[in-house]
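Student: PDB, C-alpha atoms, saved as model05.pdb, coming up:
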```
ATOM      1  CA  MET A1107     -67.869  24.350 -51.147
ATOM      2  CA  ASN A1108     -71.071  26.152 -52.148
ATOM      3  CA  ILE A1109     -69.527  29.444 -51.066
ATOM      4  CA  PHE A1110     -67.279  29.382 -54.163
ATOM      5  CA  GLU A1111     -70.397  29.898 -56.288
ATOM      6  CA  TYR A1112     -70.927  33.380 -54.863
ATOM      7  CA  THR A1113     -69.498  36.324 -56.791
ATOM      8  CA  PHE A1114     -68.352  38.181 -53.683
ATOM      9  CA  PHE A1115     -66.229  35.205 -52.597
ATOM     10  CA  GLN A1116     -64.744  34.799 -56.065
ATOM     11  CA  ASN A1117     -63.833  38.500 -55.992
ATOM     12  CA  ALA A1118     -62.241  37.992 -52.577
ATOM     13  CA  LEU A1119     -60.072  35.135 -53.885
ATOM     14  CA  ILE A1120     -58.953  37.115 -56.934
ATOM     15  CA  GLY A1121     -58.343  40.215 -54.824
ATOM     16  CA  SER A1122     -56.253  38.280 -52.304
ATOM     17  CA  LEU A1123     -54.084  36.849 -55.087
ATOM     18  CA  LEU A1124     -53.529  40.255 -56.706
ATOM     19  CA  ALA A1125     -52.816  41.874 -53.349
ATOM     20  CA  SER A1126     -50.327  39.122 -52.475
ATOM     21  CA  VAL A1127     -48.413  39.669 -55.723
ATOM     22  CA  LEU A1128     -48.494  43.449 -55.340
ATOM     23  CA  CYS A1129     -47.429  43.407 -51.683
ATOM     24  CA  GLY A1130     -44.762  40.820 -52.446
ATOM     25  CA  PHE A1131     -42.939  43.276 -54.714
ATOM     26  CA  ILE A1132     -43.559  46.507 -52.810
ATOM     27  CA  GLY A1133     -43.290  44.969 -49.341
ATOM     28  CA  THR A1134     -39.879  43.491 -50.103
ATOM     29  CA  TYR A1135     -38.628  46.975 -51.007
ATOM     30  CA  ILE A1136     -40.158  48.382 -47.798
ATOM     31  CA  VAL A1137     -38.530  45.772 -45.546
ATOM     32  CA  THR A1138     -35.168  45.915 -47.336
ATOM     33  CA  ARG A1139     -35.132  49.728 -47.399
ATOM     34  CA  ARG A1140     -36.371  49.855 -43.773
ATOM     35  CA  LEU A1141     -39.357  52.046 -44.583
ATOM     36  CA  VAL A1142     -41.869  50.331 -42.312
ATOM     37  CA  PHE A1143     -42.443  53.390 -40.116
ATOM     38  CA  ILE A1144     -42.811  55.669 -43.141
ATOM     39  CA  SER A1145     -45.298  53.258 -44.687
ATOM     40  CA  GLY A1146     -47.270  53.207 -41.437
ATOM     41  CA  GLY A1147     -47.460  56.995 -41.544
ATOM     42  CA  ILE A1148     -48.692  56.966 -45.145
ATOM     43  CA  THR A1149     -51.284  54.319 -44.239
ATOM     44  CA  HIS A1150     -52.848  56.458 -41.539
ATOM     45  CA  ALA A1151     -52.469  59.652 -43.579
ATOM     46  CA  SER A1152     -54.633  58.087 -46.306
ATOM     47  CA  PHE A1153     -57.618  58.397 -43.954
ATOM     48  CA  GLY A1154     -57.572  62.111 -44.751
ATOM     49  CA  GLY A1155     -58.214  61.305 -48.411
ATOM     50  CA  ILE A1156     -61.075  58.994 -47.451
ATOM     51  CA  GLY A1157     -62.678  61.748 -45.375
ATOM     52  CA  ILE A1158     -62.312  64.302 -48.178
ATOM     53  CA  GLY A1159     -63.847  61.885 -50.670
ATOM     54  CA  VAL A1160     -66.819  61.198 -48.423
ATOM     55  CA  PHE A1161     -67.350  64.898 -47.705
ATOM     56  CA  LEU A1162     -67.186  65.903 -51.384
ATOM     57  CA  GLY A1163     -69.166  62.904 -52.607
ATOM     58  CA  LEU A1164     -66.202  61.422 -54.497
ATOM     59  CA  ASN A1165     -64.912  57.860 -54.616
ATOM     60  CA  PRO A1166     -63.093  57.514 -51.249
ATOM     61  CA  ILE A1167     -60.500  55.114 -52.683
ATOM     62  CA  LEU A1168     -59.497  57.517 -55.478
ATOM     63  CA  SER A1169     -59.331  60.526 -53.147
ATOM     64  CA  ALA A1170     -57.315  58.460 -50.642
ATOM     65  CA  LEU A1171     -54.988  57.437 -53.481
ATOM     66  CA  VAL A1172     -54.229  61.063 -54.375
ATOM     67  CA  PHE A1173     -53.894  62.139 -50.737
ATOM     68  CA  ALA A1174     -51.593  59.209 -49.887
ATOM     69  CA  VAL A1175     -49.281  59.884 -52.857
ATOM     70  CA  PHE A1176     -48.925  63.574 -51.927
ATOM     71  CA  SER A1177     -48.351  62.605 -48.284
ATOM     72  CA  ALA A1178     -45.621  60.178 -49.368
ATOM     73  CA  PHE A1179     -43.965  62.892 -51.450
ATOM     74  CA  GLY A1180     -44.279  65.298 -48.508
ATOM     75  CA  VAL A1181     -42.580  62.897 -46.103
ATOM     76  CA  GLN A1182     -39.814  62.197 -48.612
ATOM     77  CA  TRP A1183     -39.227  65.889 -49.292
ATOM     78  CA  MET A1184     -39.321  67.047 -45.655
ATOM     79  CA  SER A1185     -37.084  64.233 -44.396
ATOM     80  CA  HIS A1186     -34.407  65.048 -46.989
ATOM     81  CA  LYS A1187     -34.289  68.795 -46.347
ATOM     82  CA  GLY A1188     -31.869  68.184 -43.511
ATOM     83  CA  ASP A1189     -33.477  70.467 -40.911
ATOM     84  CA  ILE A1190     -36.450  68.140 -40.248
ATOM     85  CA  ARG A1191     -36.005  64.637 -38.870
ATOM     86  CA  GLU A1192     -37.660  61.768 -40.701
ATOM     87  CA  ASP A1193     -39.789  60.672 -37.743
ATOM     88  CA  SER A1194     -40.998  64.252 -37.274
ATOM     89  CA  ALA A1195     -42.017  64.500 -40.942
ATOM     90  CA  ILE A1196     -43.906  61.209 -40.630
ATOM     91  CA  ALA A1197     -45.707  62.422 -37.510
ATOM     92  CA  VAL A1198     -46.812  65.612 -39.303
ATOM     93  CA  PHE A1199     -48.502  63.819 -42.201
ATOM     94  CA  TRP A1200     -49.746  60.932 -40.025
ATOM     95  CA  THR A1201     -51.653  63.272 -37.683
ATOM     96  CA  LEU A1202     -52.654  65.672 -40.483
ATOM     97  CA  GLY A1203     -54.331  62.896 -42.457
ATOM     98  CA  MET A1204     -56.117  61.443 -39.443
ATOM     99  CA  SER A1205     -57.367  64.838 -38.289
ATOM    100  CA  ILE A1206     -58.638  65.824 -41.760
ATOM    101  CA  GLY A1207     -60.357  62.456 -42.118
ATOM    102  CA  ILE A1208     -62.109  62.702 -38.746
ATOM    103  CA  ILE A1209     -63.226  66.305 -39.339
ATOM    104  CA  CYS A1210     -64.586  65.537 -42.820
ATOM    105  CA  CYS A1211     -66.426  62.421 -41.621
ATOM    106  CA  PHE A1212     -68.120  64.389 -38.836
ATOM    107  CA  LEU A1213     -69.046  67.237 -41.201
ATOM    108  CA  THR A1214     -70.586  64.832 -43.720
ATOM    109  CA  PRO A1215     -74.374  64.723 -43.307
ATOM    110  CA  GLY A1216     -75.940  61.313 -42.789
ATOM    111  CA  PHE A1217     -74.354  58.014 -41.865
ATOM    112  CA  MET A1218     -71.271  56.527 -43.497
ATOM    113  CA  PRO A1219     -71.790  52.758 -43.554
ATOM    114  CA  ASP A1220     -68.438  51.897 -45.184
ATOM    115  CA  LEU A1221     -66.236  53.552 -42.541
ATOM    116  CA  PRO A1222     -65.548  50.324 -40.563
ATOM    117  CA  SER A1223     -64.481  48.550 -43.761
ATOM    118  CA  PHE A1224     -61.889  51.276 -44.427
ATOM    119  CA  LEU A1225     -60.578  51.107 -40.861
ATOM    120  CA  PHE A1226     -60.565  47.352 -40.312
ATOM    121  CA  GLY A1227     -60.955  45.889 -43.793
ATOM    122  CA  SER A1228     -63.607  43.672 -45.346
ATOM    123  CA  ILE A1229     -62.242  41.610 -48.213
ATOM    124  CA  LEU A1230     -65.713  40.219 -48.942
ATOM    125  CA  THR A1231     -66.880  43.709 -49.978
ATOM    126  CA  ILE A1232     -64.335  43.966 -52.798
ATOM    127  CA  GLY A1233     -66.066  44.961 -56.014
ATOM    128  CA  LYS A1234     -65.219  45.140 -59.685
ATOM    129  CA  GLY A1235     -63.689  48.610 -59.345
ATOM    130  CA  ASP A1236     -61.346  47.437 -56.586
ATOM    131  CA  LEU A1237     -60.235  44.474 -58.701
ATOM    132  CA  ILE A1238     -59.555  46.733 -61.680
ATOM    133  CA  LEU A1239     -57.431  49.025 -59.518
ATOM    134  CA  LEU A1240     -55.522  46.087 -58.036
ATOM    135  CA  SER A1241     -55.006  44.495 -61.463
ATOM    136  CA  ALA A1242     -53.733  47.701 -63.076
ATOM    137  CA  LEU A1243     -51.403  48.499 -60.188
ATOM    138  CA  THR A1244     -50.084  44.920 -60.020
ATOM    139  CA  LEU A1245     -49.336  44.955 -63.751
ATOM    140  CA  LEU A1246     -47.511  48.295 -63.455
ATOM    141  CA  VAL A1247     -45.417  47.053 -60.531
ATOM    142  CA  ILE A1248     -44.490  43.812 -62.337
ATOM    143  CA  LEU A1249     -43.377  45.802 -65.396
ATOM    144  CA  LEU A1250     -41.477  48.266 -63.206
ATOM    145  CA  PHE A1251     -39.511  45.532 -61.444
ATOM    146  CA  ALA A1252     -39.003  43.593 -64.673
ATOM    147  CA  PHE A1253     -37.232  46.526 -66.356
ATOM    148  CA  PHE A1254     -35.656  48.330 -63.377
ATOM    149  CA  LEU A1255     -34.993  45.612 -60.802
ATOM    150  CA  ARG A1256     -31.264  46.270 -60.501
ATOM    151  CA  PRO A1257     -31.511  50.052 -59.845
ATOM    152  CA  ILE A1258     -34.380  49.514 -57.375
ATOM    153  CA  GLN A1259     -32.409  46.781 -55.628
ATOM    154  CA  SER A1260     -29.311  48.987 -55.426
ATOM    155  CA  VAL A1261     -31.253  51.856 -53.848
ATOM    156  CA  ALA A1262     -33.019  49.471 -51.462
ATOM    157  CA  PHE A1263     -29.767  48.022 -50.095
ATOM    158  CA  ASP A1264     -27.436  51.041 -50.192
ATOM    159  CA  ARG A1265     -28.518  54.427 -51.564
ATOM    160  CA  ASN A1266     -24.998  55.884 -51.127
ATOM    161  CA  PHE A1267     -23.524  53.150 -53.306
ATOM    162  CA  ALA A1268     -26.310  53.726 -55.840
ATOM    163  CA  GLN A1269     -25.405  57.424 -55.926
ATOM    164  CA  SER A1270     -21.752  56.569 -56.527
ATOM    165  CA  GLN A1271     -22.889  54.527 -59.538
ATOM    166  CA  HIS A1272     -24.682  57.641 -60.879
ATOM    167  CA  LEU A1273     -28.123  56.083 -60.586
ATOM    168  CA  PRO A1274     -31.158  58.425 -60.373
ATOM    169  CA  VAL A1275     -31.591  57.732 -56.657
ATOM    170  CA  ALA A1276     -33.962  60.633 -55.904
ATOM    171  CA  PHE A1277     -36.243  59.724 -58.821
ATOM    172  CA  ILE A1278     -36.334  56.045 -57.796
ATOM    173  CA  GLU A1279     -37.097  56.947 -54.182
ATOM    174  CA  TYR A1280     -39.993  59.245 -55.132
ATOM    175  CA  LEU A1281     -41.294  56.693 -57.636
ATOM    176  CA  MET A1282     -41.232  53.892 -55.073
ATOM    177  CA  MET A1283     -42.870  56.123 -52.462
ATOM    178  CA  ALA A1284     -45.697  56.735 -54.921
ATOM    179  CA  PHE A1285     -46.123  53.001 -55.504
ATOM    180  CA  ILE A1286     -45.997  52.344 -51.751
ATOM    181  CA  ALA A1287     -48.813  54.853 -51.253
ATOM    182  CA  MET A1288     -50.896  53.387 -54.078
ATOM    183  CA  THR A1289     -50.326  49.842 -52.814
ATOM    184  CA  ILE A1290     -51.446  50.807 -49.324
ATOM    185  CA  VAL A1291     -54.654  52.412 -50.581
ATOM    186  CA  SER A1292     -55.443  49.537 -52.952
ATOM    187  CA  THR A1293     -55.279  47.040 -50.060
ATOM    188  CA  LEU A1294     -57.455  49.041 -47.652
ATOM    189  CA  ARG A1295     -60.507  46.970 -48.600
ATOM    190  CA  LEU A1296     -58.653  43.807 -47.595
ATOM    191  CA  VAL A1297     -57.258  44.629 -44.169
ATOM    192  CA  GLY A1298     -58.099  48.290 -43.504
ATOM    193  CA  ILE A1299     -56.065  51.289 -42.421
ATOM    194  CA  VAL A1300     -55.309  49.829 -38.994
ATOM    195  CA  LEU A1301     -53.711  46.648 -40.369
ATOM    196  CA  ALA A1302     -52.594  47.526 -43.931
ATOM    197  CA  ILE A1303     -48.911  47.858 -43.099
ATOM    198  CA  SER A1304     -48.877  44.279 -41.753
ATOM    199  CA  LEU A1305     -49.656  42.858 -45.200
ATOM    200  CA  LEU A1306     -46.606  44.722 -46.533
ATOM    201  CA  THR A1307     -44.156  43.529 -43.886
ATOM    202  CA  ILE A1308     -45.051  40.240 -42.175
ATOM    203  CA  PRO A1309     -44.969  37.934 -45.259
ATOM    204  CA  GLN A1310     -41.665  39.545 -46.255
ATOM    205  CA  MET A1311     -40.246  39.019 -42.749
ATOM    206  CA  THR A1312     -41.336  35.394 -42.950
ATOM    207  CA  ALA A1313     -39.690  34.976 -46.364
ATOM    208  CA  ASN A1314     -36.531  36.589 -45.021
ATOM    209  CA  LEU A1315     -36.193  33.699 -42.554
ATOM    210  CA  TYR A1316     -35.340  31.412 -45.474
ATOM    211  CA  THR A1317     -33.519  33.620 -47.955
ATOM    212  CA  PHE A1318     -31.528  36.828 -48.286
ATOM    213  CA  CYS A1319     -31.800  36.881 -52.074
ATOM    214  CA  TYR A1320     -33.969  39.801 -53.212
ATOM    215  CA  LYS A1321     -35.703  37.898 -56.032
ATOM    216  CA  LYS A1322     -36.355  34.808 -53.928
ATOM    217  CA  MET A1323     -37.672  36.980 -51.124
ATOM    218  CA  ILE A1324     -40.228  38.531 -53.491
ATOM    219  CA  PHE A1325     -41.339  35.124 -54.757
ATOM    220  CA  LEU A1326     -41.608  33.580 -51.275
ATOM    221  CA  SER A1327     -43.465  36.563 -49.815
ATOM    222  CA  ILE A1328     -46.055  36.328 -52.604
ATOM    223  CA  ILE A1329     -46.720  32.661 -51.798
ATOM    224  CA  ILE A1330     -46.760  33.258 -48.044
ATOM    225  CA  GLY A1331     -49.006  36.304 -48.421
ATOM    226  CA  TRP A1332     -51.569  34.370 -50.463
ATOM    227  CA  ILE A1333     -51.555  31.472 -47.997
ATOM    228  CA  ASP A1334     -52.168  34.009 -45.211
ATOM    229  CA  CYS A1335     -55.077  35.540 -47.136
ATOM    230  CA  LEU A1336     -56.715  32.190 -47.923
ATOM    231  CA  SER A1337     -56.283  30.939 -44.360
ATOM    232  CA  GLY A1338     -57.638  34.213 -42.990
ATOM    233  CA  LEU A1339     -60.648  33.976 -45.299
ATOM    234  CA  TYR A1340     -61.392  30.473 -44.062
ATOM    235  CA  ILE A1341     -61.093  31.519 -40.404
ATOM    236  CA  SER A1342     -63.313  34.529 -41.093
ATOM    237  CA  TYR A1343     -65.970  32.354 -42.719
ATOM    238  CA  ALA A1344     -65.795  29.603 -40.080
ATOM    239  CA  LEU A1345     -65.870  31.857 -37.019
ATOM    240  CA  ASN A1346     -67.818  34.794 -38.505
ATOM    241  CA  VAL A1347     -65.120  37.328 -37.585
ATOM    242  CA  PRO A1348     -63.658  40.261 -39.604
ATOM    243  CA  SER A1349     -61.587  39.000 -42.524
ATOM    244  CA  GLY A1350     -58.853  41.665 -42.304
ATOM    245  CA  ALA A1351     -58.020  40.881 -38.690
ATOM    246  CA  SER A1352     -58.124  37.128 -39.445
ATOM    247  CA  ILE A1353     -55.614  37.490 -42.300
ATOM    248  CA  ILE A1354     -53.138  39.444 -40.199
ATOM    249  CA  PHE A1355     -53.601  37.137 -37.199
ATOM    250  CA  ILE A1356     -52.816  34.086 -39.335
ATOM    251  CA  SER A1357     -49.777  35.814 -40.885
ATOM    252  CA  ILE A1358     -48.343  36.636 -37.455
ATOM    253  CA  ILE A1359     -48.963  33.117 -36.144
ATOM    254  CA  MET A1360     -47.266  31.669 -39.237
ATOM    255  CA  PHE A1361     -44.272  33.989 -38.776
ATOM    256  CA  LEU A1362     -43.898  33.033 -35.105
ATOM    257  CA  LEU A1363     -44.166  29.301 -35.848
ATOM    258  CA  LEU A1364     -41.639  29.426 -38.681
ATOM    259  CA  LYS A1365     -39.324  31.652 -36.651
ATOM    260  CA  THR A1366     -39.434  29.106 -33.833
ATOM    261  CA  GLU A1367     -38.739  26.316 -36.313
ATOM    262  CA  ARG A1368     -35.691  28.158 -37.674
ATOM    263  CA  VAL A1369     -34.350  28.797 -34.174
ATOM    264  CA  ILE A1370     -34.703  25.104 -33.260
ATOM    265  CA  HIS A1371     -33.131  24.082 -36.571
ATOM    266  CA  HIS A1372     -30.090  26.328 -36.064
ATOM    267  CA  THR A1373     -29.749  25.173 -32.453
ATOM    268  CA  PHE A1374     -29.615  21.508 -33.496
ATOM    269  CA  LYS A1375     -27.206  22.369 -36.312
ATOM    270  CA  ARG A1376     -24.805  24.105 -33.907
ATOM    271  CA  THR A1377     -25.073  21.146 -31.522
ATOM    272  CA  GLU A1378     -24.180  18.705 -34.282
ATOM    273  CA  VAL A1379     -21.173  20.802 -35.282
ATOM    274  CA  ALA A1380     -20.013  21.000 -31.667
ATOM    275  CA  ILE A1381     -20.284  17.220 -31.284
TER     276      ILE A1381
END
```
Represent the supplied structure as structure tokens.

Tutor:
Amino acid sequence: MNIFEYTFFQNALIGSLLASVLCGFIGTYIVTRRLVFISGGITHASFGGIGIGVFLGLNPILSALVFAVFSAFGVQWMSHKGDIREDSAIAVFWTLGMSIGIICCFLTPGFMPDLPSFLFGSILTIGKGDLILLSALTLLVILLFAFFLRPIQSVAFDRNFAQSQHLPVAFIEYLMMAFIAMTIVSTLRLVGIVLAISLLTIPQMTANLYTFCYKKMIFLSIIIGWIDCLSGLYISYALNVPSGASIIFISIIMFLLLKTERVIHHTFKRTEVAI
């Protein structure tokens, strides 16, 4: 229990809670709207912003934030022009970001010690600045969903129906793409570029096993996400392995176990009905 006295571990606990709340809201929209592949493209494109920040001597998180938002807007714009397929637009920004990031990192003189933490995550390195960013973004997302839940939910389930109701579908889509990009960048310290999309999808998939209600799915995914983070932190501390990989590993194991439990439950239920 002595580890709770250390500031870095306290920051990790607070960061995991904030990230779970943030990903609970944004991840539910991603899963419902079926934007997992787009989000994966934005995740890897953000590496270009990290490389630019390192090369120019700027804060890599802030430069990645800007780059990821513009990449998200680019994917949204190109995929809705009609002459470019969505997967092609994703591939363009995915590879563009990765190539810019690699080039900038190699052109930067000296050694970049934080590069592995951006790629694979290190929740124990979260600092005050990261917590401020997570807190501000979480507060904005909570306010956004509190005031505009119904329009966001309508667009997430059926954008054509939302258009028939004269909702500002294009504005909502661009706004949510911006928040998806910012959420991805703000969680890079936790799980890294390689695994960031998992934190935005696996807890939501697990929650979806038990409910189809949008609000309940958000609430359940927040709880499941935080349990995954705490369990991953414990495994990381006990086995001395990377925290980001531990969090995602635990979340996948939990999903598989609960999925198996639901399958067995439905099988027994059908058997009882048949009898």

Student: Find the distance between CA of Phe1161 in chain A and CA of Ala1178 in chain A and write it in Å to one decimal.

Tutor: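 These two atoms are separated by 22.3 Å.
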
Student: What separation in Å, quoted to one decimal, exists between CA of Ile1324 in chain A and CA of His1150 in chain A?

Tutor: 25.0 Å

Student: Take CA of Trp1332 in chain A and CA of Arg1368 in chain A and report the distance between them in Å, one decimal.

Tutor: 21.3 Å

Student: In the coordinate frame of the file, compute which residues have an atom within 8 Å of (-47.2, 56.6, -45.0) when using only C-alpha atoms, and state them as a list in words.

Tutor: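 Here is the list of nearby residues: Phe1143, Ile1144, Ser1145, Gly1146, Gly1147, Ile1148, Thr1149, His1150, Ala1151, Ser1152, Ala1174, Ser1177, Ala1178, Val1181, Ile1196, Phe1199, Trp1200 and Ala1287 of chain A.
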
Student: Expanded to explicit residues, what is the PyMOL selection byres ((chain A and resi 1258) around 12) for this file, as a PyMOL selection string?

Tutor: chain A and resi 1131-1132+1134-1136+1138-1139+1247+1250-1257+1259-1265+1268+1273-1283+1320-1321

Student: Report as a PyMOL selection string all protein, DNA and RNA residues lying within 7 Å of Ser1122 in chain A, evaluated on all atoms listed in the file, omitting residues in the same chain fewer than 4 positions from it.

Tutor: chain A and resi 1118+1126+1332+1335

Student: When you count only C-alpha atoms, which of these residues is closest to Met1323 in chain A: A:Val1137, A:Leu1363, A:Ile1120, A:Leu1202?

Tutor: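 Ranking A:Val1137, A:Leu1363, A:Ile1120, A:Leu1202 by distance to Met1323 in chain A, first place goes to A:Val1137.
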
Student: Restricting the calculation to only C-alpha atoms, which member of A:Leu1123, A:Phe1285, A:Ile1229, A:Gly1154 is positioned closest to Phe1179 in chain A?

Tutor: A:Phe1285

Student: Near Gly1157 in chain A, within 6 Å and counting only C-alpha atoms, which residues show up once chain neighbours fewer than 3 positions away are dropped, as a list in words?

Tutor: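 Here the qualifying residues turn out to be Gly1154, Val1160, Gly1207, Cys1210 and Cys1211 of chain A.
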
Student: I need the residues from that last selection saved to file as a short mmCIF file (atom, residue, chain, number, x, y, z; two decimals), in the frame of the given file (with C-alpha atoms), if you can.

Tutor:
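Output (selection16.cif):
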```
data_model
loop_
_atom_site.label_atom_id
_atom_site.label_comp_id
_atom_site.auth_asym_id
_atom_site.auth_seq_id
_atom_site.Cartn_x
_atom_site.Cartn_y
_atom_site.Cartn_z
CA GLY A 1154 -57.57 62.11 -44.75
CA VAL A 1160 -66.82 61.20 -48.42
CA GLY A 1207 -60.36 62.46 -42.12
CA CYS A 1210 -64.59 65.54 -42.82
CA CYS A 1211 -66.43 62.42 -41.62
#
```

Student: Here's the selection I'm unsure about, the PyMOL selection byres ((chain A and resi 1304) around 10); applied to the file above, which residues does it give, as a PyMOL selection string?

Tutor: chain A and resi 1133+1142+1146+1297+1300-1303+1305-1310+1353-1355+1357-1358
